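As stored in query_28.cif (mmCIF, C-alpha atoms):
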```
data_target
loop_
_atom_site.label_atom_id
_atom_site.label_comp_id
_atom_site.auth_asym_id
_atom_site.auth_seq_id
_atom_site.Cartn_x
_atom_site.Cartn_y
_atom_site.Cartn_z
CA MET A 111 -8.19 -24.55 34.95
CA THR A 112 -9.30 -23.20 31.61
CA SER A 113 -12.91 -22.05 31.69
CA ALA A 114 -15.38 -23.20 29.06
CA LYS A 115 -16.03 -19.54 28.19
CA THR A 116 -12.34 -18.87 27.55
CA TRP A 117 -11.99 -21.97 25.39
CA PHE A 118 -15.11 -21.01 23.42
CA GLN A 119 -13.85 -17.46 22.83
CA ALA A 120 -10.39 -18.63 21.76
CA SER A 121 -11.89 -20.99 19.19
CA ARG A 122 -13.27 -18.01 17.24
CA PRO A 123 -16.93 -19.15 17.25
CA PHE A 124 -18.10 -16.54 14.77
CA SER A 125 -15.69 -17.82 12.14
CA PHE A 126 -17.53 -21.15 12.01
CA THR A 127 -20.58 -19.50 10.48
CA ALA A 128 -18.34 -19.01 7.45
CA ALA A 129 -18.35 -22.80 7.06
CA VAL A 130 -21.92 -23.57 8.15
CA VAL A 131 -23.64 -20.94 6.00
CA PRO A 132 -22.30 -21.97 2.56
CA SER A 133 -22.71 -25.68 3.38
CA LEU A 134 -26.32 -25.15 4.38
CA VAL A 135 -27.08 -23.06 1.31
CA GLY A 136 -25.47 -25.61 -1.01
CA SER A 137 -27.39 -28.45 0.62
CA LEU A 138 -30.73 -26.65 0.23
CA LEU A 139 -30.28 -25.43 -3.35
CA SER A 140 -31.96 -28.48 -4.87
CA ALA A 141 -34.02 -29.53 -1.84
CA ASP A 142 -37.23 -29.30 -3.85
CA GLN A 143 -35.84 -32.11 -6.04
CA THR A 144 -33.67 -34.18 -3.69
CA PHE A 145 -32.39 -33.82 -0.15
CA SER A 146 -30.53 -36.11 2.23
CA LEU A 147 -30.33 -34.86 5.82
CA TRP A 148 -27.39 -37.06 6.86
CA LYS A 149 -25.38 -35.97 3.82
CA ALA A 150 -26.14 -32.32 4.58
CA VAL A 151 -25.03 -32.74 8.20
CA LEU A 152 -21.78 -34.44 7.17
CA ALA A 153 -21.09 -31.72 4.59
CA ILE A 154 -21.47 -29.08 7.30
CA LEU A 155 -19.28 -31.00 9.76
CA GLY A 156 -16.60 -31.56 7.12
CA SER A 157 -16.49 -27.84 6.32
CA VAL A 158 -16.31 -26.94 10.02
CA PHE A 159 -13.40 -29.34 10.62
CA PHE A 160 -11.46 -27.95 7.65
CA LEU A 161 -12.03 -24.40 8.89
CA ALA A 162 -11.02 -25.39 12.43
CA GLY A 163 -7.82 -26.88 11.03
CA THR A 164 -7.16 -23.67 9.13
CA ASN A 165 -7.70 -21.60 12.28
CA PHE A 166 -5.28 -23.74 14.31
CA VAL A 167 -2.59 -23.55 11.63
CA ASN A 168 -3.24 -19.83 11.27
CA ASP A 169 -2.69 -19.36 15.03
CA PHE A 170 0.55 -21.33 14.88
CA TYR A 171 2.12 -19.45 11.97
CA ASP A 172 0.85 -16.00 12.97
CA HIS A 173 2.41 -16.61 16.39
CA ARG A 174 5.73 -17.63 14.82
CA LYS A 175 5.75 -14.64 12.48
CA GLY A 176 4.71 -12.14 15.15
CA ALA A 177 1.42 -11.17 13.51
CA ASP A 178 -0.50 -12.19 16.68
CA GLY A 179 1.45 -10.45 19.39
CA PRO A 180 0.58 -8.29 22.42
CA GLU A 181 -0.45 -5.40 20.13
CA SER A 182 -3.01 -7.46 18.26
CA LEU A 183 -6.61 -6.32 18.63
CA GLY A 184 -8.31 -9.41 17.31
CA MET A 185 -9.72 -12.26 19.36
CA ALA A 186 -6.81 -14.06 20.97
CA GLY A 187 -6.17 -17.62 19.92
CA PHE A 188 -5.17 -20.68 21.90
CA ILE A 189 -1.47 -19.81 22.00
CA GLN A 190 -2.02 -16.17 22.97
CA ARG A 191 -4.32 -17.19 25.85
CA GLY A 192 -1.89 -19.84 27.03
CA LEU A 193 -4.41 -22.62 26.48
CA LEU A 194 -2.17 -24.74 24.25
CA SER A 195 1.49 -24.81 23.29
CA PRO A 196 2.40 -23.92 19.69
CA LYS A 197 3.17 -27.59 18.96
CA SER A 198 -0.19 -28.70 20.37
CA VAL A 199 -1.99 -26.11 18.24
CA LEU A 200 -0.30 -27.41 15.08
CA VAL A 201 -1.13 -31.01 16.01
CA ALA A 202 -4.75 -29.98 16.63
CA GLY A 203 -4.81 -28.41 13.18
CA PHE A 204 -3.68 -31.62 11.51
CA ALA A 205 -6.19 -33.60 13.59
CA CYS A 206 -9.02 -31.37 12.36
CA PHE A 207 -7.88 -31.74 8.75
CA ALA A 208 -7.79 -35.52 9.26
CA ALA A 209 -11.33 -35.50 10.67
CA GLY A 210 -12.53 -33.42 7.73
CA ALA A 211 -10.81 -35.82 5.33
CA GLY A 212 -12.50 -38.80 7.00
CA ILE A 213 -15.91 -37.22 6.55
CA GLY A 214 -14.98 -36.41 2.96
CA ILE A 215 -14.18 -40.05 2.23
CA VAL A 216 -17.61 -41.10 3.52
CA LEU A 217 -19.27 -38.53 1.27
CA CYS A 218 -17.12 -39.61 -1.67
CA LEU A 219 -18.37 -43.18 -1.24
CA ALA A 220 -21.95 -41.95 -1.02
CA SER A 221 -21.97 -39.34 -3.78
CA GLY A 222 -18.92 -39.55 -6.04
CA TRP A 223 -15.14 -39.38 -6.04
CA GLU A 224 -15.18 -35.95 -7.65
CA LEU A 225 -15.44 -34.67 -4.08
CA PHE A 226 -11.96 -36.06 -3.39
CA PHE A 227 -10.32 -33.24 -5.34
CA ILE A 228 -12.35 -30.61 -3.50
CA GLY A 229 -11.30 -32.12 -0.18
CA VAL A 230 -7.61 -32.25 -1.06
CA ASP A 231 -7.62 -28.71 -2.45
CA SER A 232 -9.49 -27.41 0.61
CA ALA A 233 -7.03 -29.01 3.04
CA LEU A 234 -4.05 -27.67 1.09
CA ALA A 235 -5.55 -24.19 0.88
CA GLY A 236 -6.34 -24.26 4.60
CA PHE A 237 -2.79 -25.20 5.53
CA LEU A 238 -1.01 -23.03 2.98
CA TYR A 239 -3.15 -20.01 3.88
CA THR A 240 -0.53 -19.14 6.49
CA GLY A 241 1.53 -22.34 6.46
CA TRP A 242 4.88 -23.22 4.91
CA PRO A 243 6.00 -22.81 2.17
CA LEU A 244 3.53 -20.45 0.47
CA HIS A 245 1.98 -18.44 3.35
CA LEU A 246 -0.75 -17.20 0.99
CA ALA A 247 -2.21 -14.71 3.46
CA TYR A 248 1.22 -13.06 3.72
CA ILE A 249 1.55 -12.37 -0.01
CA GLY A 250 -1.76 -10.62 -0.65
CA LEU A 251 -3.78 -13.68 -1.68
CA GLY A 252 -5.88 -14.08 1.46
CA GLU A 253 -9.10 -12.60 0.10
CA ILE A 254 -8.85 -14.60 -3.12
CA VAL A 255 -8.36 -17.89 -1.25
CA VAL A 256 -11.20 -17.15 1.15
CA PHE A 257 -13.48 -16.00 -1.69
CA PHE A 258 -13.17 -19.26 -3.62
CA PHE A 259 -12.82 -21.80 -0.82
CA MET A 260 -15.43 -20.34 1.55
CA GLY A 261 -17.77 -19.52 -1.31
CA PRO A 262 -17.95 -21.58 -4.53
CA ILE A 263 -15.97 -24.57 -3.26
CA ILE A 264 -18.12 -25.19 -0.18
CA VAL A 265 -21.45 -24.36 -1.84
CA MET A 266 -20.74 -26.43 -4.94
CA GLY A 267 -19.36 -29.27 -2.82
CA ALA A 268 -22.43 -29.36 -0.57
CA SER A 269 -24.67 -29.18 -3.62
CA PHE A 270 -22.75 -32.03 -5.29
CA VAL A 271 -23.31 -34.21 -2.23
CA GLN A 272 -27.05 -33.87 -2.84
CA VAL A 273 -27.38 -33.94 -6.66
CA GLU A 274 -24.11 -35.71 -7.55
CA GLU A 275 -23.04 -33.16 -10.13
CA PHE A 276 -21.43 -29.74 -10.20
CA THR A 277 -23.82 -27.09 -11.50
CA TRP A 278 -23.49 -23.52 -12.70
CA GLN A 279 -26.48 -22.65 -10.53
CA ALA A 280 -24.54 -23.61 -7.40
CA PHE A 281 -21.60 -21.47 -8.55
CA ALA A 282 -23.83 -18.45 -9.17
CA ALA A 283 -25.64 -18.94 -5.85
CA SER A 284 -22.31 -19.04 -4.02
CA LEU A 285 -21.12 -15.61 -5.17
CA PRO A 286 -23.09 -13.46 -2.67
CA ILE A 287 -21.67 -15.54 0.18
CA ALA A 288 -18.18 -15.41 -1.33
CA PHE A 289 -18.16 -11.61 -1.52
CA LEU A 290 -19.41 -11.35 2.05
CA VAL A 291 -16.90 -13.80 3.55
CA ALA A 292 -14.12 -11.97 1.69
CA ALA A 293 -15.45 -8.79 3.33
CA ILE A 294 -14.99 -10.41 6.76
CA LEU A 295 -11.32 -11.09 6.05
CA HIS A 296 -10.84 -7.65 4.53
CA ALA A 297 -12.36 -6.07 7.66
CA ASN A 298 -9.76 -7.96 9.69
CA ASN A 299 -6.97 -6.77 7.42
CA LEU A 300 -8.32 -3.22 7.36
CA ARG A 301 -8.12 -3.12 11.15
CA ASP A 302 -4.63 -4.66 11.24
CA ILE A 303 -2.90 -2.56 8.57
CA GLU A 304 -0.24 -1.14 10.88
CA ILE A 305 0.37 -4.37 12.80
CA ASP A 306 0.60 -6.38 9.57
CA ARG A 307 3.11 -3.94 8.13
CA LYS A 308 5.32 -4.33 11.20
CA ALA A 309 5.08 -8.12 10.85
CA LYS A 310 5.87 -7.82 7.12
CA LYS A 311 2.53 -9.43 6.30
CA ARG A 312 1.46 -8.25 2.86
CA THR A 313 -2.32 -8.06 2.55
CA VAL A 314 -4.34 -6.21 -0.04
CA ALA A 315 -5.01 -3.54 2.59
CA THR A 316 -1.32 -2.98 3.39
CA VAL A 317 -0.47 -2.75 -0.33
CA ILE A 318 -3.21 -0.37 -1.51
CA GLY A 319 -3.40 1.75 1.65
CA ARG A 320 -6.31 2.69 3.88
CA LYS A 321 -8.14 4.98 1.44
CA TRP A 322 -8.44 2.33 -1.27
CA ALA A 323 -8.89 -0.44 1.29
CA ASN A 324 -11.97 1.41 2.56
CA ARG A 325 -13.29 1.51 -0.99
CA GLU A 326 -12.66 -2.21 -1.39
CA MET A 327 -14.78 -2.81 1.72
CA TYR A 328 -17.66 -0.83 0.25
CA LEU A 329 -17.30 -2.72 -3.03
CA LEU A 330 -17.36 -6.17 -1.42
CA LEU A 331 -20.47 -5.30 0.57
CA GLY A 332 -22.21 -3.85 -2.48
CA LEU A 333 -21.33 -6.80 -4.72
CA THR A 334 -22.86 -9.16 -2.16
CA TYR A 335 -26.34 -7.83 -2.91
CA VAL A 336 -25.73 -7.32 -6.63
CA ALA A 337 -24.66 -10.99 -6.87
CA LEU A 338 -27.74 -12.09 -4.91
CA VAL A 339 -30.13 -10.33 -7.28
CA GLY A 340 -28.06 -11.46 -10.25
CA ALA A 341 -28.22 -15.11 -9.17
CA TRP A 342 -31.99 -14.84 -8.93
CA ALA A 343 -32.22 -13.07 -12.31
CA VAL A 344 -30.38 -15.89 -14.13
CA GLY A 345 -32.44 -18.57 -12.41
CA ALA A 346 -29.77 -19.88 -10.04
CA LEU A 347 -31.82 -18.92 -6.98
CA PRO A 348 -35.58 -19.05 -6.41
CA TRP A 349 -37.35 -15.81 -5.54
CA PRO A 350 -37.77 -16.64 -1.81
CA ALA A 351 -33.96 -16.47 -1.44
CA LEU A 352 -34.26 -12.72 -2.03
CA VAL A 353 -35.43 -12.45 1.57
CA ALA A 354 -31.70 -12.04 2.29
CA LEU A 355 -32.13 -8.47 1.01
CA ALA A 356 -33.72 -7.77 4.40
CA SER A 357 -30.19 -7.70 5.83
CA LEU A 358 -29.26 -4.68 3.69
CA PRO A 359 -29.85 -2.11 6.49
CA LEU A 360 -27.03 -3.78 8.44
CA VAL A 361 -24.54 -2.55 5.81
CA ARG A 362 -24.95 1.13 6.64
CA PRO A 363 -23.43 1.09 10.16
CA ILE A 364 -20.49 -0.96 8.85
CA ALA A 365 -19.82 1.54 6.08
CA ALA A 366 -20.22 4.45 8.51
CA ILE A 367 -17.53 3.14 10.88
CA VAL A 368 -15.15 2.47 7.99
CA HIS A 369 -15.77 5.97 6.60
CA ALA A 370 -15.21 7.60 10.01
CA GLY A 371 -11.51 6.78 10.05
CA GLY A 372 -8.80 4.30 10.81
CA ASN A 373 -9.15 3.84 14.56
CA PRO A 374 -8.19 0.15 14.96
CA LYS A 375 -10.40 -0.36 18.04
CA LYS A 376 -13.43 0.96 16.18
CA LEU A 377 -12.54 -1.12 13.13
CA ASN A 378 -12.63 -4.16 15.40
CA LEU A 379 -16.37 -3.50 15.56
CA VAL A 380 -16.47 -3.57 11.75
CA LEU A 381 -15.10 -7.11 11.81
CA TYR A 382 -17.70 -8.20 14.34
CA LYS A 383 -20.58 -6.52 12.49
CA THR A 384 -19.48 -7.96 9.13
CA ALA A 385 -19.33 -11.48 10.59
CA GLN A 386 -22.77 -10.86 12.09
CA LEU A 387 -24.04 -9.68 8.70
CA HIS A 388 -22.66 -12.83 7.05
CA MET A 389 -24.46 -14.98 9.60
CA ARG A 390 -27.80 -13.17 9.20
CA PHE A 391 -27.55 -12.91 5.42
CA GLY A 392 -26.80 -16.62 5.15
CA ALA A 393 -29.55 -17.57 7.59
CA LEU A 394 -32.08 -15.55 5.60
CA MET A 395 -30.87 -17.00 2.30
CA ALA A 396 -31.11 -20.54 3.70
CA ALA A 397 -34.57 -19.76 5.12
CA GLY A 398 -35.65 -18.56 1.67
CA LEU A 399 -34.44 -21.80 0.11
CA GLY A 400 -36.27 -23.75 2.80
CA LEU A 401 -39.43 -21.76 2.09
CA ASN A 402 -39.10 -22.50 -1.61
CA TRP A 403 -38.78 -26.21 -0.75
CA LEU A 404 -42.01 -25.98 1.25
CA ILE A 405 -43.83 -24.09 -1.52
CA GLU A 406 -42.75 -26.59 -4.18
CA SER A 407 -43.83 -29.48 -1.94
CA LEU A 408 -47.40 -28.24 -1.65
#
```
Would you mind writing the file's structure down as structure tokens?
Amino acid sequence: MTSAKTWFQASRPFSFTAAVVPSLVGSLLSADQTFSLWKAVLAILGSVFFLAGTNFVNDFYDHRKGADGPESLGMAGFIQRGLLSPKSVLVAGFACFAAGAGIGIVLCLASGWELFFIGVDSALAGFLYTGWPLHLAYIGLGEIVVFFFMGPIIVMGASFVQVEEFTWQAFAASLPIAFLVAAILHANNLRDIEIDRKAKKRTVATVIGRKWANREMYLLLGLTYVALVGAWAVGALPWPALVALASLPLVRPIAAIVHAGGNPKKLNLVLYKTAQLHMRFGALMAAGLGLNWLIESL
């Protein structure tokens, strides 16, 4: 019998923060003006279902293409652990996309049909990330897709649910999160350079090589904090959101491991620490927005 712990580990729990964080931030951006708890909860659930669908489809196609084989160092998925058959994993992916779409329809009825296009684009991007016929992650477009769909798209969508319009402030506020979630994927690709090359999976890291891939990692981490301060400077974020700067010391150990060399097992720690940084950065940013809501309410 499959243990609950094994199922939890195979579902990649840390990846779900990549959906919860931007949804929460987008929902809280205009909380001092308007906020609906049930809409915020549905926005978060919808994002989580779309990401779960993406993860299932990713497991299916990576298994078929040999990118997730015995040599892989990442967290094993459902197929690799023998929890589900490849067909069941693909069906589960479509079921998650359907659940996300159902939530999206409810939010469309409550806030506006403009959300329909975000939902359709998100589902297509999630499937085509590794799915037929585009396999975006296999042609060097993974970071770009993740940047936009796990950053601006989710933040602006969650914000729209609350204020019923797309705003430039939501776009600017999404950029720190977008750079950081792209760093999570790049950390994964940085670790898997050799395995991805064997599987003929073209990522930015496999194309530019380890030296420049290391530099890209530093750049993504640095731009996270530049974008945060920039969003505050242009008025897209209130000053309490700058509390996310408190996570800056967590960058140093990540950069140190990357700089030390290309040991894949050590780089696995980079992926974990970058996901942890994303979670803490987002939690602090959301807490700052919540604090601003409280201050403005007094």
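Closest to Leu330 in chain A among A:Leu347, A:Leu352, A:Ile364, A:Ile318 is A:Ile364, based on only C-alpha atoms.
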Range 282-287 of chain A: which residues within 7 Å, counting only C-alpha atoms, same-chain residues fewer than 3 positions away excluded, as a PDB file with C-alpha atoms, in the frame of the given file?
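The file below, around-v2.pdb, is the result:
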```pdb
ATOM      1  CA  PRO A 132     -22.300 -21.970   2.560  1.00  0.00           C
ATOM      2  CA  GLY A 261     -17.770 -19.520  -1.310  1.00  0.00           C
ATOM      3  CA  PRO A 262     -17.950 -21.580  -4.530  1.00  0.00           C
ATOM      4  CA  VAL A 265     -21.450 -24.360  -1.840  1.00  0.00           C
ATOM      5  CA  TRP A 278     -23.490 -23.520 -12.700  1.00  0.00           C
ATOM      6  CA  GLN A 279     -26.480 -22.650 -10.530  1.00  0.00           C
ATOM      7  CA  LEU A 290     -19.410 -11.350   2.050  1.00  0.00           C
ATOM      8  CA  VAL A 291     -16.900 -13.800   3.550  1.00  0.00           C
ATOM      9  CA  THR A 334     -22.860  -9.160  -2.160  1.00  0.00           C
ATOM     10  CA  TYR A 335     -26.340  -7.830  -2.910  1.00  0.00           C
ATOM     11  CA  ALA A 337     -24.660 -10.990  -6.870  1.00  0.00           C
ATOM     12  CA  LEU A 338     -27.740 -12.090  -4.910  1.00  0.00           C
ATOM     13  CA  ALA A 341     -28.220 -15.110  -9.170  1.00  0.00           C
ATOM     14  CA  ALA A 346     -29.770 -19.880 -10.040  1.00  0.00           C
ATOM     15  CA  LEU A 347     -31.820 -18.920  -6.980  1.00  0.00           C
TER      16      LEU A 347
END
```
Applying 8 Å and all atoms listed in the file, which residues near range 395-398 of chain A remain after dropping the ones on its own chain fewer than 2 positions away? List them as JSON, numbers by chain.
{"A": [131, 134, 135, 138, 349, 350, 351, 352, 353, 354, 391, 392, 393, 400, 401, 402]}
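Applied to the file shown here, the PyMOL selection byres ((chain A and resi 196) around 10) selects Phe166, Val167, Asp169, Phe170, Tyr171, His173, Arg174, Phe188, Ile189, Gln190, Gly192, Leu193, Leu194, Ser195, Lys197, Ser198, Val199, Leu200, Val201 and Ala202 of chain A.
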Selected by the PyMOL selection byres ((chain A and resi 147-156) around 10) in the shown coordinates: which residues, as number ranges by chain?
A: 129-138, 145-146, 157-162, 206-214, 216-217, 220-221, 229, 264-265, 267-269, 271-272
Can you write out the residues you just picked, keeping C-alpha atoms, as a compact mmCIF listing (two decimals), in the coordinates of the input?
```
# COMPACT_ATOMS: atom_id res chain seq x y z
CA ALA A 129 -18.35 -22.80 7.06
CA VAL A 130 -21.92 -23.57 8.15
CA VAL A 131 -23.64 -20.94 6.00
CA PRO A 132 -22.30 -21.97 2.56
CA SER A 133 -22.71 -25.68 3.38
CA LEU A 134 -26.32 -25.15 4.38
CA VAL A 135 -27.08 -23.06 1.31
CA GLY A 136 -25.47 -25.61 -1.01
CA SER A 137 -27.39 -28.45 0.62
CA LEU A 138 -30.73 -26.65 0.23
CA PHE A 145 -32.39 -33.82 -0.15
CA SER A 146 -30.53 -36.11 2.23
CA SER A 157 -16.49 -27.84 6.32
CA VAL A 158 -16.31 -26.94 10.02
CA PHE A 159 -13.40 -29.34 10.62
CA PHE A 160 -11.46 -27.95 7.65
CA LEU A 161 -12.03 -24.40 8.89
CA ALA A 162 -11.02 -25.39 12.43
CA CYS A 206 -9.02 -31.37 12.36
CA PHE A 207 -7.88 -31.74 8.75
CA ALA A 208 -7.79 -35.52 9.26
CA ALA A 209 -11.33 -35.50 10.67
CA GLY A 210 -12.53 -33.42 7.73
CA ALA A 211 -10.81 -35.82 5.33
CA GLY A 212 -12.50 -38.80 7.00
CA ILE A 213 -15.91 -37.22 6.55
CA GLY A 214 -14.98 -36.41 2.96
CA VAL A 216 -17.61 -41.10 3.52
CA LEU A 217 -19.27 -38.53 1.27
CA ALA A 220 -21.95 -41.95 -1.02
CA SER A 221 -21.97 -39.34 -3.78
CA GLY A 229 -11.30 -32.12 -0.18
CA ILE A 264 -18.12 -25.19 -0.18
CA VAL A 265 -21.45 -24.36 -1.84
CA GLY A 267 -19.36 -29.27 -2.82
CA ALA A 268 -22.43 -29.36 -0.57
CA SER A 269 -24.67 -29.18 -3.62
CA VAL A 271 -23.31 -34.21 -2.23
CA GLN A 272 -27.05 -33.87 -2.84
```
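Nearest to His369 in chain A of all the residues A:Arg325, A:His296, A:Arg312, A:His388 is A:Arg325, based on only C-alpha atoms.
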In Å, rounded to a single decimal, give me how far CA of Phe258 in chain A is from CA of Thr384 in chain A.
18.2 Å
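Atom pair CA of Leu300 in chain A / CA of Met389 in chain A: separated by 20.1 Å.
Nearest residue to Val255 in chain A, choosing from A:Leu238, A:Val273, A:Val317, A:Leu387 and counting all atoms listed in the file: A:Leu238.
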Asp306 in chain A environment, 8 Å, all atoms listed in the file, sequence neighbours closer than 6 positions dropped, as a list of chain:residue names:
A:Ala177, A:Asn299, A:Arg312, A:Thr313, A:Thr316
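Between CA of Ile405 in chain A and CA of Ala141 in chain A the separation is 11.2 Å.
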Taking all atoms listed in the file into account, which of A:Cys218, A:Val336, A:Ala128, A:Met327 comes nearest Phe270 in chain A?
A:Cys218
Which one is closest to Asp302 in chain A: A:Gly203, A:Leu408, A:Pro374, A:Met260? Count only C-alpha atoms.
A:Pro374
Nearest-residue call for Val256 in chain A, choices A:Ser232, A:Asn378, A:Gln386, A:Gln143, using all atoms listed in the file
A:Ser232
Evaluating the PyMOL selection byres ((chain A and resi 247) around 12) on the displayed file yields which residues, as a short mmCIF file (atom, residue, chain, number, x, y, z; two decimals) with C-alpha atoms, in the coordinates of the input?
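Contents of out.cif, as written:
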```
data_model
loop_
_atom_site.label_atom_id
_atom_site.label_comp_id
_atom_site.auth_asym_id
_atom_site.auth_seq_id
_atom_site.Cartn_x
_atom_site.Cartn_y
_atom_site.Cartn_z
CA THR A 164 -7.16 -23.67 9.13
CA ASN A 168 -3.24 -19.83 11.27
CA TYR A 171 2.12 -19.45 11.97
CA ASP A 172 0.85 -16.00 12.97
CA ALA A 177 1.42 -11.17 13.51
CA ALA A 235 -5.55 -24.19 0.88
CA GLY A 236 -6.34 -24.26 4.60
CA PHE A 237 -2.79 -25.20 5.53
CA LEU A 238 -1.01 -23.03 2.98
CA TYR A 239 -3.15 -20.01 3.88
CA THR A 240 -0.53 -19.14 6.49
CA GLY A 241 1.53 -22.34 6.46
CA TRP A 242 4.88 -23.22 4.91
CA PRO A 243 6.00 -22.81 2.17
CA LEU A 244 3.53 -20.45 0.47
CA HIS A 245 1.98 -18.44 3.35
CA LEU A 246 -0.75 -17.20 0.99
CA TYR A 248 1.22 -13.06 3.72
CA ILE A 249 1.55 -12.37 -0.01
CA GLY A 250 -1.76 -10.62 -0.65
CA LEU A 251 -3.78 -13.68 -1.68
CA GLY A 252 -5.88 -14.08 1.46
CA GLU A 253 -9.10 -12.60 0.10
CA ILE A 254 -8.85 -14.60 -3.12
CA VAL A 255 -8.36 -17.89 -1.25
CA VAL A 256 -11.20 -17.15 1.15
CA LEU A 295 -11.32 -11.09 6.05
CA HIS A 296 -10.84 -7.65 4.53
CA ASN A 298 -9.76 -7.96 9.69
CA ASN A 299 -6.97 -6.77 7.42
CA ASP A 306 0.60 -6.38 9.57
CA LYS A 310 5.87 -7.82 7.12
CA LYS A 311 2.53 -9.43 6.30
CA ARG A 312 1.46 -8.25 2.86
CA THR A 313 -2.32 -8.06 2.55
CA VAL A 314 -4.34 -6.21 -0.04
CA ALA A 315 -5.01 -3.54 2.59
CA THR A 316 -1.32 -2.98 3.39
#
```
Output as a PDB file, in the coordinates of the input: range 188-199 of chain A, completed with N, CA, C and O atoms.
```pdb
ATOM      1  N   PHE A 188      -5.548 -19.758  20.838  1.00  0.00           N
ATOM      2  CA  PHE A 188      -5.170 -20.680  21.900  1.00  0.00           C
ATOM      3  C   PHE A 188      -3.779 -20.393  22.441  1.00  0.00           C
ATOM      4  O   PHE A 188      -3.541 -20.480  23.643  1.00  0.00           O
ATOM      5  N   ILE A 189      -2.837 -20.068  21.556  1.00  0.00           N
ATOM      6  CA  ILE A 189      -1.470 -19.810  22.000  1.00  0.00           C
ATOM      7  C   ILE A 189      -1.412 -18.523  22.812  1.00  0.00           C
ATOM      8  O   ILE A 189      -0.794 -18.464  23.886  1.00  0.00           O
ATOM      9  N   GLN A 190      -2.058 -17.460  22.317  1.00  0.00           N
ATOM     10  CA  GLN A 190      -2.020 -16.170  22.970  1.00  0.00           C
ATOM     11  C   GLN A 190      -2.654 -16.213  24.368  1.00  0.00           C
ATOM     12  O   GLN A 190      -2.245 -15.493  25.270  1.00  0.00           O
ATOM     13  N   ARG A 191      -3.656 -17.060  24.544  1.00  0.00           N
ATOM     14  CA  ARG A 191      -4.320 -17.190  25.850  1.00  0.00           C
ATOM     15  C   ARG A 191      -3.619 -18.206  26.750  1.00  0.00           C
ATOM     16  O   ARG A 191      -4.022 -18.396  27.898  1.00  0.00           O
ATOM     17  N   GLY A 192      -2.610 -18.864  26.229  1.00  0.00           N
ATOM     18  CA  GLY A 192      -1.890 -19.840  27.030  1.00  0.00           C
ATOM     19  C   GLY A 192      -2.648 -21.135  27.231  1.00  0.00           C
ATOM     20  O   GLY A 192      -2.359 -21.898  28.163  1.00  0.00           O
ATOM     21  N   LEU A 193      -3.610 -21.409  26.353  1.00  0.00           N
ATOM     22  CA  LEU A 193      -4.410 -22.620  26.480  1.00  0.00           C
ATOM     23  C   LEU A 193      -3.678 -23.846  25.944  1.00  0.00           C
ATOM     24  O   LEU A 193      -3.832 -24.952  26.461  1.00  0.00           O
ATOM     25  N   LEU A 194      -2.908 -23.642  24.875  1.00  0.00           N
ATOM     26  CA  LEU A 194      -2.170 -24.740  24.250  1.00  0.00           C
ATOM     27  C   LEU A 194      -0.789 -24.248  23.846  1.00  0.00           C
ATOM     28  O   LEU A 194      -0.605 -23.063  23.552  1.00  0.00           O
ATOM     29  N   SER A 195       0.156 -25.157  23.791  1.00  0.00           N
ATOM     30  CA  SER A 195       1.490 -24.810  23.290  1.00  0.00           C
ATOM     31  C   SER A 195       1.426 -24.715  21.774  1.00  0.00           C
ATOM     32  O   SER A 195       0.512 -25.266  21.140  1.00  0.00           O
ATOM     33  N   PRO A 196       2.383 -24.014  21.153  1.00  0.00           N
ATOM     34  CA  PRO A 196       2.400 -23.920  19.690  1.00  0.00           C
ATOM     35  C   PRO A 196       2.376 -25.295  19.020  1.00  0.00           C
ATOM     36  O   PRO A 196       1.650 -25.496  18.033  1.00  0.00           O
ATOM     37  N   LYS A 197       3.150 -26.250  19.552  1.00  0.00           N
ATOM     38  CA  LYS A 197       3.170 -27.590  18.960  1.00  0.00           C
ATOM     39  C   LYS A 197       1.808 -28.259  19.059  1.00  0.00           C
ATOM     40  O   LYS A 197       1.339 -28.892  18.095  1.00  0.00           O
ATOM     41  N   SER A 198       1.132 -28.102  20.190  1.00  0.00           N
ATOM     42  CA  SER A 198      -0.190 -28.700  20.370  1.00  0.00           C
ATOM     43  C   SER A 198      -1.206 -28.092  19.413  1.00  0.00           C
ATOM     44  O   SER A 198      -2.089 -28.780  18.903  1.00  0.00           O
ATOM     45  N   VAL A 199      -1.088 -26.794  19.171  1.00  0.00           N
ATOM     46  CA  VAL A 199      -1.990 -26.110  18.240  1.00  0.00           C
ATOM     47  C   VAL A 199      -1.810 -26.672  16.829  1.00  0.00           C
ATOM     48  O   VAL A 199      -2.785 -26.929  16.112  1.00  0.00           O
TER      49      VAL A 199
END
```
